[in-house]
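Visitor: Structure: protein_9.txt, compact mmCIF, C-alpha atoms.
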# COMPACT_ATOMS: atom_id res chain seq x y z
CA MET A 32 10.44 -1.86 -28.11
CA SER A 33 12.04 1.58 -28.38
CA LEU A 34 10.69 3.99 -25.74
CA THR A 35 10.67 7.72 -25.14
CA LEU A 36 9.96 9.25 -21.75
CA ARG A 37 8.49 12.69 -21.17
CA THR A 38 6.37 14.69 -18.75
CA ILE A 39 2.64 14.14 -19.33
CA SER A 40 -0.46 15.99 -18.17
CA ARG A 41 -2.52 14.78 -15.22
CA GLU A 42 -5.37 14.05 -17.62
CA GLN A 43 -3.16 11.77 -19.76
CA HIS A 44 -1.87 10.07 -16.62
CA LEU A 45 -5.37 9.50 -15.21
CA ALA A 46 -6.70 8.20 -18.55
CA TYR A 47 -3.83 5.70 -18.63
CA ILE A 48 -4.52 4.49 -15.06
CA GLN A 49 -8.23 4.16 -15.91
CA SER A 50 -7.36 1.93 -18.89
CA LEU A 51 -5.71 -0.65 -16.58
CA PRO A 52 -7.32 -3.36 -14.41
CA ALA A 53 -5.69 -1.72 -11.32
CA ALA A 54 -2.75 0.35 -10.07
CA SER A 55 -1.53 1.53 -6.67
CA HIS A 56 -3.48 4.39 -5.09
CA MET A 57 -0.08 6.08 -4.68
CA GLN A 58 0.37 6.21 -8.45
CA VAL A 59 -2.82 8.13 -9.31
CA PRO A 60 -2.26 11.82 -10.21
CA ALA A 61 -4.32 13.03 -7.21
CA TRP A 62 -1.88 11.39 -4.78
CA ALA A 63 0.42 14.35 -5.53
CA ASP A 64 -2.20 16.64 -3.92
CA VAL A 65 -2.34 14.40 -0.84
CA LYS A 66 1.46 14.68 -0.51
CA ALA A 67 1.37 18.46 -0.93
CA GLU A 68 4.73 18.97 0.81
CA TRP A 69 6.52 17.22 -2.09
CA ARG A 70 6.94 18.62 -5.59
CA SER A 71 5.49 16.24 -8.17
CA GLU A 72 5.65 15.27 -11.83
CA ASN A 73 3.68 12.88 -14.04
CA LEU A 74 5.92 10.80 -16.33
CA GLY A 75 4.85 8.89 -19.43
CA TRP A 76 6.63 6.23 -21.50
CA PHE A 77 5.72 6.22 -25.19
CA ASP A 78 6.21 3.47 -27.76
CA ASP A 79 8.24 5.09 -30.55
CA ARG A 80 6.60 3.01 -33.29
CA THR A 81 2.98 3.80 -32.45
CA GLY A 82 3.30 6.95 -30.34
CA GLU A 83 1.10 5.22 -27.77
CA LEU A 84 1.39 5.86 -24.01
CA VAL A 85 2.49 2.48 -22.55
CA GLY A 86 3.54 3.35 -18.98
CA ALA A 87 3.19 6.10 -16.38
CA GLY A 88 4.68 7.14 -13.08
CA LEU A 89 3.98 9.68 -10.37
CA VAL A 90 7.26 11.10 -9.05
CA LEU A 91 7.42 12.96 -5.75
CA TYR A 92 10.45 15.22 -5.22
CA ARG A 93 11.64 15.97 -1.68
CA GLN A 94 14.24 18.74 -1.44
CA LEU A 95 17.36 18.24 0.66
CA PRO A 96 17.72 20.84 3.41
CA LYS A 97 19.67 23.93 2.20
CA ILE A 98 20.47 22.74 -1.35
CA LYS A 99 18.47 22.50 -4.56
CA ARG A 100 18.84 18.74 -4.95
CA TYR A 101 16.05 16.22 -4.59
CA LEU A 102 15.19 12.71 -3.59
CA ALA A 103 12.89 11.44 -6.38
CA TYR A 104 10.38 8.91 -5.07
CA LEU A 105 7.92 6.73 -7.01
CA PRO A 106 5.79 5.06 -4.29
CA GLU A 107 4.56 1.62 -5.42
CA GLY A 108 5.51 2.57 -8.95
CA PRO A 109 6.13 3.30 -11.73
CA VAL A 110 3.24 1.62 -13.56
CA ILE A 111 5.11 -0.09 -16.39
CA ASN A 112 5.60 -3.57 -17.83
CA TRP A 113 7.90 -4.91 -15.11
CA TYR A 114 8.25 -8.26 -16.86
CA SER A 115 9.59 -6.68 -20.04
CA PRO A 116 12.67 -8.59 -21.28
CA ASN A 117 14.37 -5.18 -21.75
CA LEU A 118 13.75 -3.54 -18.39
CA GLN A 119 16.70 -1.20 -18.91
CA ASP A 120 14.82 0.44 -21.83
CA TRP A 121 12.27 1.63 -19.23
CA MET A 122 14.72 2.50 -16.44
CA GLU A 123 17.49 4.33 -18.35
CA PRO A 124 15.37 7.20 -19.75
CA MET A 125 13.71 7.59 -16.33
CA LEU A 126 17.05 7.92 -14.51
CA ALA A 127 18.39 10.36 -17.13
CA HIS A 128 15.26 12.51 -16.83
CA LEU A 129 15.25 12.52 -13.01
CA LYS A 130 18.94 13.45 -12.94
CA GLN A 131 18.15 16.39 -15.23
CA GLN A 132 15.44 17.43 -12.77
CA GLY A 133 18.04 17.74 -10.00
CA ALA A 134 17.54 14.35 -8.32
CA PHE A 135 20.56 13.01 -6.41
CA SER A 136 18.84 9.69 -5.62
CA VAL A 137 15.83 7.74 -6.88
CA LYS A 138 13.64 5.49 -4.75
CA MET A 139 10.92 3.29 -6.25
CA GLY A 140 8.69 0.40 -5.22
CA PRO A 141 8.05 -2.04 -8.06
CA PRO A 142 4.44 -3.31 -7.70
CA VAL A 143 5.70 -6.87 -8.19
CA ILE A 144 4.70 -9.70 -5.84
CA ILE A 145 7.39 -12.30 -5.27
CA ARG A 146 5.72 -14.81 -2.86
CA ARG A 147 2.33 -15.60 -1.32
CA TRP A 148 1.40 -17.64 1.76
CA ASP A 149 -2.13 -18.96 2.34
CA ALA A 150 -3.78 -18.39 5.74
CA ALA A 151 -3.64 -22.13 6.59
CA SER A 152 0.16 -22.22 6.13
CA ILE A 153 0.62 -19.10 8.28
CA LYS A 154 -1.56 -20.60 11.02
CA LYS A 155 0.58 -23.74 10.99
CA GLY A 156 3.70 -21.57 11.14
CA ILE A 157 2.40 -19.63 14.15
CA GLN A 158 1.96 -22.93 16.01
CA ASP A 159 5.50 -24.10 15.19
CA PRO A 160 8.01 -22.86 17.82
CA ASP A 161 10.86 -23.00 15.26
CA VAL A 162 9.11 -20.55 12.94
CA LYS A 163 9.94 -16.94 13.80
CA ARG A 164 9.21 -15.15 10.52
CA LEU A 165 6.97 -15.47 7.51
CA ARG A 166 10.02 -16.35 5.41
CA ASP A 167 10.64 -19.46 7.54
CA ILE A 168 7.44 -20.93 6.07
CA GLU A 169 7.54 -22.41 2.60
CA ALA A 170 5.55 -20.11 0.29
CA ASP A 171 2.42 -21.53 -1.34
CA HIS A 172 2.92 -19.47 -4.51
CA ILE A 173 6.18 -18.16 -5.96
CA GLU A 174 6.52 -15.84 -8.97
CA PRO A 175 9.78 -16.80 -10.71
CA ARG A 176 9.63 -13.74 -12.99
CA ALA A 177 9.87 -11.50 -9.90
CA PHE A 178 13.33 -12.92 -9.12
CA GLU A 179 14.37 -12.06 -12.68
CA VAL A 180 13.20 -8.46 -12.15
CA ALA A 181 15.31 -8.25 -8.96
CA ASP A 182 18.37 -9.63 -10.79
CA LYS A 183 17.99 -7.15 -13.64
CA LEU A 184 17.66 -4.22 -11.23
CA ARG A 185 20.79 -5.27 -9.33
CA ARG A 186 22.75 -5.58 -12.55
CA MET A 187 21.67 -2.04 -13.52
CA GLY A 188 23.02 -0.66 -10.23
CA TRP A 189 19.82 -0.45 -8.19
CA GLN A 190 20.40 -1.21 -4.52
CA GLN A 191 18.50 -2.83 -1.71
CA GLY A 192 19.62 -3.12 1.91
CA GLU A 193 19.90 -6.35 3.88
CA ASP A 194 16.47 -5.84 5.44
CA GLY A 195 14.89 -5.22 2.05
CA GLY A 196 15.15 -1.44 2.03
CA ALA A 197 18.37 0.34 1.24
CA GLY A 198 19.14 3.51 3.12
CA PHE A 199 16.26 4.42 5.36
CA GLY A 200 14.35 1.18 4.85
CA ASP A 201 11.14 0.56 3.00
CA VAL A 202 8.71 3.44 3.32
CA GLN A 203 5.76 1.34 2.09
CA PRO A 204 5.03 -2.09 3.57
CA ARG A 205 6.89 -4.96 1.96
CA TYR A 206 4.46 -7.54 3.37
CA VAL A 207 0.71 -7.09 2.97
CA PHE A 208 -2.37 -9.20 3.59
CA GLN A 209 -4.92 -9.62 0.79
CA VAL A 210 -8.25 -11.38 0.35
CA PRO A 211 -8.59 -12.52 -3.30
CA LEU A 212 -12.11 -11.95 -4.67
CA ALA A 213 -11.77 -12.85 -8.37
CA ASN A 214 -13.71 -15.97 -9.42
CA ARG A 215 -15.04 -16.54 -5.90
CA SER A 216 -18.52 -16.22 -4.44
CA LEU A 217 -19.13 -14.13 -1.31
CA GLU A 218 -20.24 -17.34 0.43
CA GLU A 219 -16.83 -18.84 -0.32
CA VAL A 220 -15.07 -15.77 1.05
CA HIS A 221 -17.18 -15.91 4.24
CA LYS A 222 -16.60 -19.66 4.61
CA ASN A 223 -12.85 -19.04 4.46
CA PHE A 224 -12.94 -16.79 7.53
CA ASN A 225 -11.75 -18.58 10.65
CA GLN A 226 -14.26 -19.61 13.33
CA LEU A 227 -13.52 -16.60 15.52
CA TRP A 228 -14.18 -14.15 12.68
CA ARG A 229 -17.45 -15.83 11.75
CA ARG A 230 -18.51 -15.90 15.39
CA ASN A 231 -17.63 -12.23 15.85
CA ILE A 232 -19.55 -11.18 12.71
CA LYS A 233 -22.58 -13.05 14.04
CA LYS A 234 -22.15 -11.52 17.49
CA ALA A 235 -22.10 -8.00 16.00
CA GLU A 236 -25.23 -8.73 13.95
CA LYS A 237 -27.06 -10.06 17.01
CA ALA A 238 -26.06 -7.02 19.07
CA GLY A 239 -27.44 -4.72 16.36
CA VAL A 240 -24.16 -3.16 15.19
CA GLU A 241 -24.79 -1.12 12.04
CA VAL A 242 -22.16 -0.23 9.49
CA VAL A 243 -22.69 3.08 7.68
CA GLN A 244 -20.73 5.21 5.22
CA GLY A 245 -19.75 8.77 6.13
CA GLY A 246 -18.76 11.82 4.10
CA TYR A 247 -16.33 14.73 4.33
CA GLN A 248 -18.36 16.23 7.20
CA ASP A 249 -17.77 13.06 9.27
CA LEU A 250 -13.97 13.25 9.16
CA GLU A 251 -13.93 15.02 12.55
CA GLU A 252 -15.66 12.02 14.09
CA TRP A 253 -13.15 9.76 12.29
CA GLN A 254 -10.33 11.84 13.79
CA ARG A 255 -11.75 11.44 17.32
CA LEU A 256 -11.61 7.62 17.04
CA TYR A 257 -8.25 7.71 15.26
CA GLU A 258 -6.66 9.79 18.03
CA ILE A 259 -7.99 7.38 20.70
CA THR A 260 -6.33 4.58 18.71
CA ALA A 261 -3.04 6.50 18.45
CA VAL A 262 -2.85 6.91 22.25
CA ARG A 263 -3.66 3.23 22.81
CA ASP A 264 -1.26 1.89 20.17
CA HIS A 265 1.50 4.47 20.77
CA PHE A 266 1.85 6.05 17.33
CA ARG A 267 1.82 9.66 16.19
CA PRO A 268 -1.49 10.39 14.46
CA ARG A 269 -1.78 12.36 11.25
CA PRO A 270 -3.73 15.62 11.64
CA LEU A 271 -7.37 16.01 10.57
CA SER A 272 -6.21 18.31 7.75
CA TYR A 273 -4.37 15.35 6.15
CA PHE A 274 -7.55 13.28 5.85
CA GLN A 275 -9.56 16.29 4.66
CA ARG A 276 -6.97 16.92 1.96
CA MET A 277 -6.94 13.21 1.05
CA TRP A 278 -10.74 13.13 0.74
CA ALA A 279 -10.92 16.31 -1.35
CA ALA A 280 -8.01 15.35 -3.63
CA LEU A 281 -8.89 11.71 -4.30
CA ASN A 282 -12.65 12.14 -4.63
CA SER A 283 -12.37 15.11 -6.96
CA GLU A 284 -10.36 12.83 -9.28
CA ASP A 285 -12.88 9.98 -8.97
CA PRO A 286 -15.98 10.23 -6.73
CA ASN A 287 -15.49 6.61 -5.68
CA ARG A 288 -11.77 6.78 -4.88
CA MET A 289 -12.05 7.15 -1.07
CA ARG A 290 -14.78 5.99 1.31
CA LEU A 291 -15.28 6.34 5.04
CA TYR A 292 -16.98 3.66 7.16
CA PHE A 293 -18.29 3.62 10.74
CA ALA A 294 -19.50 0.70 12.82
CA ARG A 295 -21.97 1.96 15.42
CA HIS A 296 -23.95 0.50 18.28
CA ASN A 297 -26.90 2.24 19.92
CA GLY A 298 -26.05 5.37 17.92
CA VAL A 299 -22.43 5.50 19.14
CA ASN A 300 -19.55 5.12 16.65
CA LEU A 301 -17.19 2.45 17.94
CA SER A 302 -14.85 1.90 14.98
CA ALA A 303 -14.05 3.56 11.67
CA ALA A 304 -11.99 2.94 8.55
CA THR A 305 -10.99 4.59 5.29
CA MET A 306 -11.15 2.61 2.06
CA LEU A 307 -9.44 3.39 -1.26
CA VAL A 308 -10.43 2.11 -4.71
CA VAL A 309 -8.41 2.05 -7.96
CA GLY A 310 -9.93 -0.20 -10.61
CA GLY A 311 -10.27 -3.71 -9.24
CA HIS A 312 -7.96 -3.13 -6.28
CA VAL A 313 -9.51 -2.03 -2.97
CA TRP A 314 -7.49 -1.10 0.13
CA TYR A 315 -8.47 -0.91 3.76
CA SER A 316 -6.25 2.08 4.34
CA TYR A 317 -6.56 3.46 7.91
CA GLY A 318 -8.46 1.96 10.84
CA ALA A 319 -9.55 3.35 14.20
CA SER A 320 -11.57 2.17 17.19
CA ASP A 321 -12.76 3.34 20.60
CA ASN A 322 -11.71 1.68 23.86
CA ILE A 323 -15.36 0.93 24.60
CA GLY A 324 -17.85 -1.44 22.98
CA ARG A 325 -15.30 -4.04 21.91
CA GLU A 326 -17.53 -6.88 23.14
CA VAL A 327 -20.00 -6.22 20.26
CA ARG A 328 -17.16 -6.75 17.70
CA PRO A 329 -17.58 -3.58 15.62
CA SER A 330 -14.29 -4.04 13.70
CA ASN A 331 -15.23 -7.49 12.37
CA ALA A 332 -18.66 -6.20 11.30
CA MET A 333 -17.09 -3.22 9.53
CA GLN A 334 -14.50 -5.32 7.67
CA TRP A 335 -17.18 -7.72 6.47
CA ALA A 336 -19.31 -4.80 5.21
CA MET A 337 -16.29 -3.28 3.42
CA LEU A 338 -15.47 -6.64 1.86
CA ARG A 339 -19.04 -7.07 0.63
CA ASP A 340 -19.01 -3.54 -0.84
CA SER A 341 -15.68 -4.25 -2.55
CA TYR A 342 -17.18 -7.39 -4.04
CA ALA A 343 -20.22 -5.41 -5.26
CA LEU A 344 -17.82 -2.93 -6.93
CA GLY A 345 -16.33 -5.83 -8.90
CA ALA A 346 -13.02 -5.78 -7.03
CA THR A 347 -10.58 -8.62 -7.67
CA VAL A 348 -8.69 -8.09 -4.40
CA TYR A 349 -9.43 -6.64 -0.95
CA ASP A 350 -6.12 -5.45 0.47
CA LEU A 351 -5.69 -5.13 4.23
CA ARG A 352 -2.32 -3.43 3.69
CA GLY A 353 0.77 -3.90 5.82
CA ILE A 354 1.74 -6.68 8.18
CA SER A 355 5.02 -7.39 9.93
CA ASP A 356 6.78 -10.59 8.85
CA SER A 357 7.26 -11.53 12.54
CA LEU A 358 5.31 -14.55 13.77
CA ASP A 359 6.63 -14.18 17.31
CA GLU A 360 3.69 -13.83 19.71
CA SER A 361 5.67 -11.45 21.95
CA ASP A 362 6.17 -9.02 19.03
CA HIS A 363 3.92 -5.95 19.41
CA LEU A 364 2.87 -6.26 15.75
CA PHE A 365 1.84 -9.91 16.05
CA GLY A 366 -1.80 -9.04 16.84
CA LEU A 367 -2.07 -7.34 13.45
CA ILE A 368 -1.17 -10.44 11.43
CA GLN A 369 -3.34 -12.58 13.70
CA PHE A 370 -6.38 -10.35 13.04
CA LYS A 371 -5.80 -10.29 9.27
CA VAL A 372 -5.06 -14.03 8.94
CA GLY A 373 -8.58 -14.62 10.31
CA THR A 374 -10.00 -13.38 6.98
CA GLY A 375 -8.63 -16.51 5.31
CA GLY A 376 -6.72 -14.51 2.68
CA GLN A 377 -3.04 -14.54 1.74
CA ALA A 378 0.11 -12.78 2.91
CA ALA A 379 1.99 -11.35 -0.07
CA GLU A 380 5.59 -10.21 -0.25
CA TYR A 381 6.45 -7.42 -2.66
CA LEU A 382 9.88 -6.95 -4.20
CA GLY A 383 10.44 -4.09 -1.74
CA GLU A 384 11.83 -0.63 -2.40
CA TRP A 385 14.97 0.06 -4.43
CA ASP A 386 17.39 2.98 -4.52
CA PHE A 387 19.53 4.33 -7.31
CA PRO A 388 22.16 6.83 -6.08
CA LEU A 389 22.71 9.36 -8.89
CA ASN A 390 25.12 11.22 -6.58
CA LYS A 391 26.73 8.74 -4.17
CA LEU A 392 27.95 11.40 -1.75
CA LEU A 393 24.56 13.07 -1.28
CA HIS A 394 22.84 9.66 -1.16
CA LYS A 395 25.16 8.64 1.69
CA ALA A 396 24.53 11.95 3.47
CA LEU A 397 20.78 11.32 3.29
CA ASP A 398 21.29 7.80 4.67
CA ILE A 399 23.14 9.18 7.67
CA TYR A 400 20.57 11.95 8.21
CA MET A 401 17.66 9.48 8.11
CA SER A 402 19.34 6.97 10.45
CA ARG A 403 19.81 9.72 13.08
CA ARG A 404 16.16 10.78 13.06
Show me the file's structure as structure tokens.
Guide:
Amino acid sequence: MSLTLRTISREQHLAYIQSLPAASHMQVPAWADVKAEWRSENLGWFDDRTGELVGAGLVLYRQLPKIKRYLAYLPEGPVINWYSPNLQDWMEPMLAHLKQQGAFSVKMGPPVIIRRWDAASIKKGIQDPDVKRLRDIEADHIEPRAFEVADKLRRMGWQQGEDGGAGFGDVQPRYVFQVPLANRSLEEVHKNFNQLWRRNIKKAEKAGVEVVQGGYQDLEEWQRLYEITAVRDHFRPRPLSYFQRMWAALNSEDPNRMRLYFARHNGVNLSAATMLVVGGHVWYSYGASDNIGREVRPSNAMQWAMLRDSYALGATVYDLRGISDSLDESDHLFGLIQFKVGTGGQAAEYLGEWDFPLNKLLHKALDIYMSRR
């Protein structure tokens, strides 16, 4: 297939995304408005024979301090046929175009899954003292074509660091946890939860925990819970304005793109979460909870409600986003995988993020700058 790449309108880009079963929420045109501090561009690949739009990508440009050169970033994209036998026909025009736009380096995250591990295998791995990482467990599902994609990218000059992310590491999570919903009944999904999850869902029901959806006006209450979480878990929270911008941008593109959930008990909000929807893919995006009321299990109740809603929307996958690949119980991120494994889903490993230095000197300078931060 002979391809031409050019800038497309947001409308063309959105129509293309809407024609697909799913795409990353970071590749919808409105994501550019969420990341307002980056310059952005919508790219389209056209089939020369038919003139048809066959691929799209959202590029975010971050300017280097003091000079007019950019890092071009395609988070979890571009949205193209990654298994095409002629991958270079997609990559070459993109690199040429981005170079013309003043990019000194390109970073992208192919939305290609390489391995999956079922919850039962992970549980076994956690109990085995010799197993330290997810990769030490034999995968239950392997996608051989993903290895071919990685080989092709390497041969074209794309780079990846030892830890999976060249330069300043992967920006988006390489390992995620997903609950598959396609061709399954809700009863089956519930039955696959571990005993603790099922018990906690029941406990929350008995205690009278209600799960409700909020709107833009409730983002301040979301922020209150989120900031409590940030203090407890020692991370720097995003400001309220970020979530307000996210809500306005995503929901003006599609009224169902972003949702806000609260689990409350006796009229008090105890936990909250944001949910994102693109086609059949649903993400649990950000979560927050108070330090009080944990005994009524609000987080389990809220996840179960979000899962049921995703199912009602016709979703094929409920994505709990990032996990660490560490299975060491002393690791501070271990609790995260433990919580998510309880849903009975699967851990998935993406191909990770890849860099193409268009100007090796500036690329190296950025590497050094990022490692010092």
Visitor: Taking only C-alpha atoms into account, name the residue in A:Gly376, A:Asn297, A:Ile157, A:Tyr342 that is nearest to Ser216 in chain A.
Guide: A:Tyr342
Visitor: Go ahead and compute the interatomic distance for CA of Arg185 in chain A and CA of Trp385 in chain A, in Å to one decimal.
Guide: 9.3 Å
Visitor: Between CA of Ala379 in chain A and CA of Val137 in chain A, what distance in Å does the model show, to one decimal?
Guide: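 A separation of 24.5 Å between them.
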Visitor: Anything within 12 Å of (-11.8, 17.1, 0.4): list those residues as a list in words, counting all atoms listed in the file and sticking to the file's coordinates.
Guide: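 So the residues meeting the distance criterion are Ala61, Asp64, Val65, Gly246, Tyr247, Gln248, Asp249, Leu250, Leu271, Ser272, Tyr273, Phe274, Gln275, Arg276, Met277, Trp278, Ala279, Ala280, Leu281, Asn282, Ser283, Glu284, Asp285, Pro286, Arg288, Met289 and Arg290 of chain A.
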Visitor: Please compute the CA of Leu126 in chain A-CA of His56 in chain A distance, one decimal, in Å.
Guide: 22.9 Å
Visitor: Quick one: of A:Gly86, A:Pro141, A:Pro116, A:Gly310, who's nearest to Gly383 in chain A, counting all atoms listed in the file?
Guide: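 Closest residue, counting all atoms listed in the file: A:Pro141.
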Visitor: Pick out the residues sitting within 12 Å of Thr81 in chain A, and hand them over as a count of residues only; count all atoms listed in the file, and ignore anything fewer than 3 positions along from it in its own chain.
Guide: 9
Visitor: List the spatial neighbours of Met333 in chain A as a PyMOL selection string - criterion: any atom at most 10 Å away, all atoms listed in the file, same-chain residues fewer than 3 positions off excluded.
Guide: chain A and resi 232+235+240-243+292-295+302-304+328-330+336-339
